[in-house]
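Q: One structure coming up, written as C-alpha cells, with questions to follow.
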Amino acid sequence: MLRAILLLLSCQLAGEVIHRLTGLALPGAVIGMVLLVGWLALVPRERPGLVAVSGWLTAHLAVMFVPAAVGLVDEGAVLSRYGLGLVAATVVSTVLTLVVTALVFRWALLRFAPGDEA
Amino acid sequence: MLAAPLLWLTLTIGVFELFDTASRRSGRHPLFHPVLWSTPVLIGLLLATGTPYAIYKAATLPLSFLLGPAVVGLAVPIWAERVRIRRLAVPIALALGAGAVTSIVSAVGIMALLGAPHDILASIAPRATTTPVAMAVAGQLGGIPALAAVIVLFAGVVGAMIATPLLDALRLRDYRVRGFALGVAAHGIGAARAFQVDPVAGAMASLGMALNAVVTAALLSVVAAFT
C-alpha cells in the first residue's frame, strides 16, 4: 500500500519536474500518468496494491474537486455574462464529440480491425 | 474557528456524503451527481458565514491535493487495457484524435463567436478531460480552474444523460464504440454511466477518458506554445 502511494507520488513529482524544466503547459500529473504507464511496461508484475490505491482514488475523485468547484463563488460576474453561452457551447460540444468519436471509431474498426470482436 | 481547516474539511466531506447518499438512492442518476448539489450548498455556507474563498481553499487543501495522485493513477486502466490498445491501435488513435479536436474546436469556437475573452476560452477548451486535468490545463492556459471544473462536470452530466438515446438513434450497437465515445466525450461521469450499462462499455469508457486526458492536454499545450 505504502509502496503504491510512493510510486504514484514519485511519478507525479517526476512529472512536475519535467513540467517545470520544459515549460510545457501539460500538467505535471498528466506527465506523471504517462511516466507510470512507462514504468508499468518496464517493470511488469502483479500490483494489487497499486490497483487498490488508484482504484480508491478514482472512485472518490468527485469529492476531491468540490473545493475547486466552490471557487465559482468568486466568478459571479463571469457566470452572469457568459453562463448561457457556456451552457450552450458545452451541450453542443459534448454531443458533437460523442457522435464524431463513435462514428470514426465504428468506421475505423470496420476498415482496420474487421475480425475483432468485443 | 471559521478559519480552521478541520471545520471546512469536515463540512465539505459531510455535505458531499449527504448528497452522495441521495445519488446512490436515485440509482446514480446523472442529475443527482453529488458535486452538482454540494457545491451550491457550500457556497451558501461561505456566503452566510462571510468566509472568503481563499480561507476555504486553504482549509480544504488536503482534499484537493489528492487530485494529483488520482490523475497519475489513471495509468492503471490504460495499462489494464494494453492488449486491446495494441490490437485496436489504429481505430483508437483515429477516434481519439477526431474526438479531441472536435471537442476543443466546437467548444472554443462557439465561445469565441460569442465574443468571450481568453480566460473563458481557456476554461472551456479542456472540457472533455477529467476534472482535475481540466483544472490544471485551464490554469496553465490562463483560464479559471473553478469555471473549468463546473463546465467539465456539466459536460459529464449532459453526456451521461444523452448517450443512450443519441447512440441508439445513430444505430451504434457495438459496446466498444459506445463506451469509448462516452469516455472521450464525458470523462468519469460518462464512464460511470457506461459501467451501469455494460462492463465492456465501462472498460472502454475508462480507457477513452484516460487517453483523452493525455491527448487533449498535449494538444492544448502545443497550441499554447505557438500562440
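Labels used: A, B, ... for chains in the order of the C-alpha cells, numbers from 1 for residues in each chain, and numbers from 1 for ligands as shown.
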Enumerate, in order of chain and increasing residue number, the residues of stretch 4-77 of chain A with an atom no farther than 10 Å from stretch 60-78 of chain B, each with its shortest atom pair and distance in Å to one decimal, counting only C-alpha atoms, as CSV.
A:
```
residue,atom,partner,partner_atom,distance
A:Ala4,CA,B:Gly73,CA,9.7
A:Ile5,CA,B:Pro69,CA,8.1
A:Leu6,CA,B:Pro69,CA,9.8
A:Leu7,CA,B:Pro69,CA,9.3
A:Leu8,CA,B:Pro69,CA,5.6
A:Leu9,CA,B:Pro69,CA,6.1
A:Ser10,CA,B:Pro69,CA,9.3
A:Cys11,CA,B:Val72,CA,7.1
A:Gln12,CA,B:Val72,CA,6.5
A:Leu13,CA,B:Gly68,CA,9.7
A:Gly15,CA,B:Val72,CA,9.3
A:Pro27,CA,B:Gly68,CA,9.5
A:Gly28,CA,B:Gly68,CA,8.3
A:Ala29,CA,B:Gly68,CA,5.4
A:Val30,CA,B:Val72,CA,6.4
A:Ile31,CA,B:Val72,CA,8.1
A:Gly32,CA,B:Val72,CA,5.4
A:Met33,CA,B:Val72,CA,4.0
A:Val34,CA,B:Ala75,CA,6.8
A:Leu35,CA,B:Val72,CA,8.5
A:Leu36,CA,B:Ala75,CA,6.1
A:Val37,CA,B:Ala75,CA,5.3
A:Gly38,CA,B:Ala75,CA,9.1
A:Trp39,CA,B:Ala75,CA,9.8
A:Leu40,CA,B:Val76,CA,8.6
A:Arg47,CA,B:Val76,CA,9.8
A:Leu50,CA,B:Val76,CA,8.0
A:Val51,CA,B:Val76,CA,6.8
A:Val53,CA,B:Gly73,CA,8.1
A:Ser54,CA,B:Gly73,CA,4.8
A:Gly55,CA,B:Gly73,CA,7.8
A:Trp56,CA,B:Ala70,CA,8.7
A:Leu57,CA,B:Ala70,CA,5.2
A:Thr58,CA,B:Ala70,CA,5.9
A:Ala59,CA,B:Ala70,CA,9.3
A:His60,CA,B:Ala70,CA,9.0
A:Leu61,CA,B:Leu67,CA,7.0
A:Ala62,CA,B:Leu67,CA,9.5
A:Val63,CA,B:Leu63,CA,7.7
A:Met64,CA,B:Leu63,CA,5.1
A:Phe65,CA,B:Ser64,CA,6.3
A:Val66,CA,B:Ser64,CA,8.2
A:Pro67,CA,B:Thr60,CA,6.4
A:Ala68,CA,B:Ser64,CA,7.6
```
Q: For the selection you just gave me, I'd like the residues written to a file as a PDB file, in the first residue's frame, keeping C-alpha atoms.
A:
```pdb
ATOM      1  CA  ALA A   4       1.854   2.137  -4.284  1.00  0.00           C
ATOM      2  CA  ILE A   5       1.473   5.606  -2.743  1.00  0.00           C
ATOM      3  CA  LEU A   6       5.212   6.163  -3.106  1.00  0.00           C
ATOM      4  CA  LEU A   7       5.047   5.108  -6.768  1.00  0.00           C
ATOM      5  CA  LEU A   8       2.155   7.482  -7.511  1.00  0.00           C
ATOM      6  CA  LEU A   9       3.826  10.394  -5.714  1.00  0.00           C
ATOM      7  CA  SER A  10       7.215   9.711  -7.355  1.00  0.00           C
ATOM      8  CA  CYS A  11       5.654   9.726 -10.830  1.00  0.00           C
ATOM      9  CA  GLN A  12       3.805  12.944 -10.049  1.00  0.00           C
ATOM     10  CA  LEU A  13       6.972  14.533  -8.668  1.00  0.00           C
ATOM     11  CA  GLY A  15       6.162  14.809 -13.953  1.00  0.00           C
ATOM     12  CA  PRO A  27       0.248  19.468 -16.168  1.00  0.00           C
ATOM     13  CA  GLY A  28       2.791  17.545 -14.082  1.00  0.00           C
ATOM     14  CA  ALA A  29       0.217  14.953 -13.019  1.00  0.00           C
ATOM     15  CA  VAL A  30      -0.592  14.126 -16.665  1.00  0.00           C
ATOM     16  CA  ILE A  31       3.137  13.704 -17.434  1.00  0.00           C
ATOM     17  CA  GLY A  32       3.264  11.551 -14.286  1.00  0.00           C
ATOM     18  CA  MET A  33       0.460   9.365 -15.679  1.00  0.00           C
ATOM     19  CA  VAL A  34       2.445   8.773 -18.869  1.00  0.00           C
ATOM     20  CA  LEU A  35       5.575   8.032 -16.803  1.00  0.00           C
ATOM     21  CA  LEU A  36       3.638   5.490 -14.725  1.00  0.00           C
ATOM     22  CA  VAL A  37       2.434   3.672 -17.880  1.00  0.00           C
ATOM     23  CA  GLY A  38       6.095   3.539 -18.950  1.00  0.00           C
ATOM     24  CA  TRP A  39       7.149   2.223 -15.534  1.00  0.00           C
ATOM     25  CA  LEU A  40       4.456  -0.496 -15.577  1.00  0.00           C
ATOM     26  CA  ARG A  47       0.485  -4.901  -8.442  1.00  0.00           C
ATOM     27  CA  LEU A  50      -1.418  -0.072  -6.886  1.00  0.00           C
ATOM     28  CA  VAL A  51      -4.725  -1.302  -8.334  1.00  0.00           C
ATOM     29  CA  VAL A  53      -4.927   2.622  -4.198  1.00  0.00           C
ATOM     30  CA  SER A  54      -5.552   4.060  -7.671  1.00  0.00           C
ATOM     31  CA  GLY A  55      -8.998   2.440  -7.699  1.00  0.00           C
ATOM     32  CA  TRP A  56      -9.837   4.079  -4.356  1.00  0.00           C
ATOM     33  CA  LEU A  57      -8.605   7.474  -5.585  1.00  0.00           C
ATOM     34  CA  THR A  58     -10.573   7.238  -8.856  1.00  0.00           C
ATOM     35  CA  ALA A  59     -13.705   6.130  -7.009  1.00  0.00           C
ATOM     36  CA  HIS A  60     -13.524   9.218  -4.763  1.00  0.00           C
ATOM     37  CA  LEU A  61     -12.462  11.728  -7.417  1.00  0.00           C
ATOM     38  CA  ALA A  62     -15.734  13.650  -7.146  1.00  0.00           C
ATOM     39  CA  VAL A  63     -15.315  14.822  -3.541  1.00  0.00           C
ATOM     40  CA  MET A  64     -11.751  15.969  -4.291  1.00  0.00           C
ATOM     41  CA  PHE A  65     -12.830  18.599  -6.794  1.00  0.00           C
ATOM     42  CA  VAL A  66     -15.620  20.059  -4.689  1.00  0.00           C
ATOM     43  CA  PRO A  67     -13.221  22.668  -3.181  1.00  0.00           C
ATOM     44  CA  ALA A  68     -12.296  23.819  -6.701  1.00  0.00           C
TER      45      ALA A  68
END
```
Q: Need the shell around B:Ala136: protein/DNA/RNA residues with any atom at most 9 Å away, counting only C-alpha atoms. Skip same-chain ones fewer than 3 positions apart. Format as a list in words?
A: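 Using only C-alpha atoms, the neighbours found are Ala25, Leu26, Pro27, Gly28 and Ala29 of chain A; Thr131, Pro132, Val133, Gly139, Gln140, Leu141 and Pro145 of chain B.
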Q: Can I get the selection written as an mmCIF file, in the first residue's frame, with C-alpha atoms?
A:
```
data_model
loop_
_atom_site.group_PDB
_atom_site.id
_atom_site.type_symbol
_atom_site.label_atom_id
_atom_site.label_comp_id
_atom_site.auth_asym_id
_atom_site.auth_seq_id
_atom_site.Cartn_x
_atom_site.Cartn_y
_atom_site.Cartn_z
ATOM 1 C CA ALA A 25 1.512 23.613 -20.427
ATOM 2 C CA LEU A 26 0.988 19.855 -19.925
ATOM 3 C CA PRO A 27 0.248 19.468 -16.168
ATOM 4 C CA GLY A 28 2.791 17.545 -14.082
ATOM 5 C CA ALA A 29 0.217 14.953 -13.019
ATOM 6 C CA THR B 131 -11.974 17.366 -13.969
ATOM 7 C CA PRO B 132 -8.529 17.510 -12.290
ATOM 8 C CA VAL B 133 -6.794 17.566 -15.684
ATOM 9 C CA GLY B 139 -4.821 27.094 -15.051
ATOM 10 C CA GLN B 140 -1.792 26.596 -17.293
ATOM 11 C CA LEU B 141 -3.503 28.322 -20.237
ATOM 12 C CA PRO B 145 -9.865 26.396 -12.753
#
```
Q: Given the choices A:Arg81, A:Met1, A:Arg45, A:Leu24, which gets closest to chain B if the distance is worked out from only C-alpha atoms?
A: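 Under the stated criterion, the closest residue is A:Leu24.
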Q: Can you tell me, as a ChimeraX atom specification, what residues are no more than 9 Å from B:Leu153 when counting only C-alpha atoms, ignoring any on the same chain fewer than 5 positions away?
A: /B:33,35-36,127,130-131,148,158,186,189
Q: Could you jot down the atom CA of B:Arg171 to atom CA of A:Leu96 separation for me, Å, one decimal place?
A: 16.0 Å
Q: Please provide the set of residues having any atom within 8 Å of stretch 110-116 of chain A, restricted to only C-alpha atoms, with same-chain residues fewer than 3 positions apart removed, written as an mmCIF file with N, CA and C atoms, in the first residue's frame.
A:
```
data_model
loop_
_atom_site.group_PDB
_atom_site.id
_atom_site.type_symbol
_atom_site.label_atom_id
_atom_site.label_comp_id
_atom_site.auth_asym_id
_atom_site.auth_seq_id
_atom_site.Cartn_x
_atom_site.Cartn_y
_atom_site.Cartn_z
ATOM 1 N N ARG A 106 -16.322 3.471 -35.226
ATOM 2 C CA ARG A 106 -17.010 2.376 -35.911
ATOM 3 C C ARG A 106 -16.437 2.181 -37.320
ATOM 4 N N TRP A 107 -16.251 3.301 -38.024
ATOM 5 C CA TRP A 107 -15.702 3.220 -39.379
ATOM 6 C C TRP A 107 -14.301 2.581 -39.346
ATOM 7 N N ARG B 87 -4.206 -4.153 -30.113
ATOM 8 C CA ARG B 87 -4.986 -4.764 -31.183
ATOM 9 C C ARG B 87 -5.774 -3.717 -31.974
ATOM 10 N N LEU B 88 -6.281 -2.723 -31.263
ATOM 11 C CA LEU B 88 -7.144 -1.718 -31.907
ATOM 12 C C LEU B 88 -6.436 -0.368 -32.004
ATOM 13 N N VAL B 90 -5.033 1.484 -34.316
ATOM 14 C CA VAL B 90 -5.402 2.460 -35.357
ATOM 15 C C VAL B 90 -6.799 3.046 -35.112
ATOM 16 N N PRO B 91 -7.835 2.188 -34.912
ATOM 17 C CA PRO B 91 -9.157 2.778 -34.635
ATOM 18 C C PRO B 91 -9.155 3.677 -33.392
#
```
Q: Would you kindly return, as a ChimeraX atom specification, each protein, DNA or RNA residue with an atom no farther than 9 Å from any atom of stretch 100-107 of chain B, considering only C-alpha atoms and excluding same-chain residues fewer than 6 positions away?
A: /A:86,89-94,96-98,100-101 /B:121,124-128,184-185,212,215-216,219-220
Q: Could you find all residues in stretch 14-97 of chain A that DSSP calls alpha helix (DSSP H) from the backbone, and write them as JSON, numbers by chain?
A: {"A": [14, 15, 16, 17, 18, 19, 20, 21, 22, 28, 29, 30, 31, 32, 33, 34, 35, 36, 37, 38, 39, 40, 41, 42, 48, 49, 50, 51, 52, 53, 54, 55, 56, 57, 58, 59, 61, 62, 63, 64, 66, 67, 68, 69, 70, 76, 77, 78, 79, 80, 81, 82, 83, 84, 85, 86, 87, 88, 89, 90, 91, 92, 93, 94, 95, 96, 97]}
Q: Have a look at atom CA of B:Tyr175 and atom CA of B:Ala201 and let me know their distance in Å, one decimal.
A: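 Separating atom CA of B:Tyr175 from atom CA of B:Ala201 is a distance of 4.9 Å.
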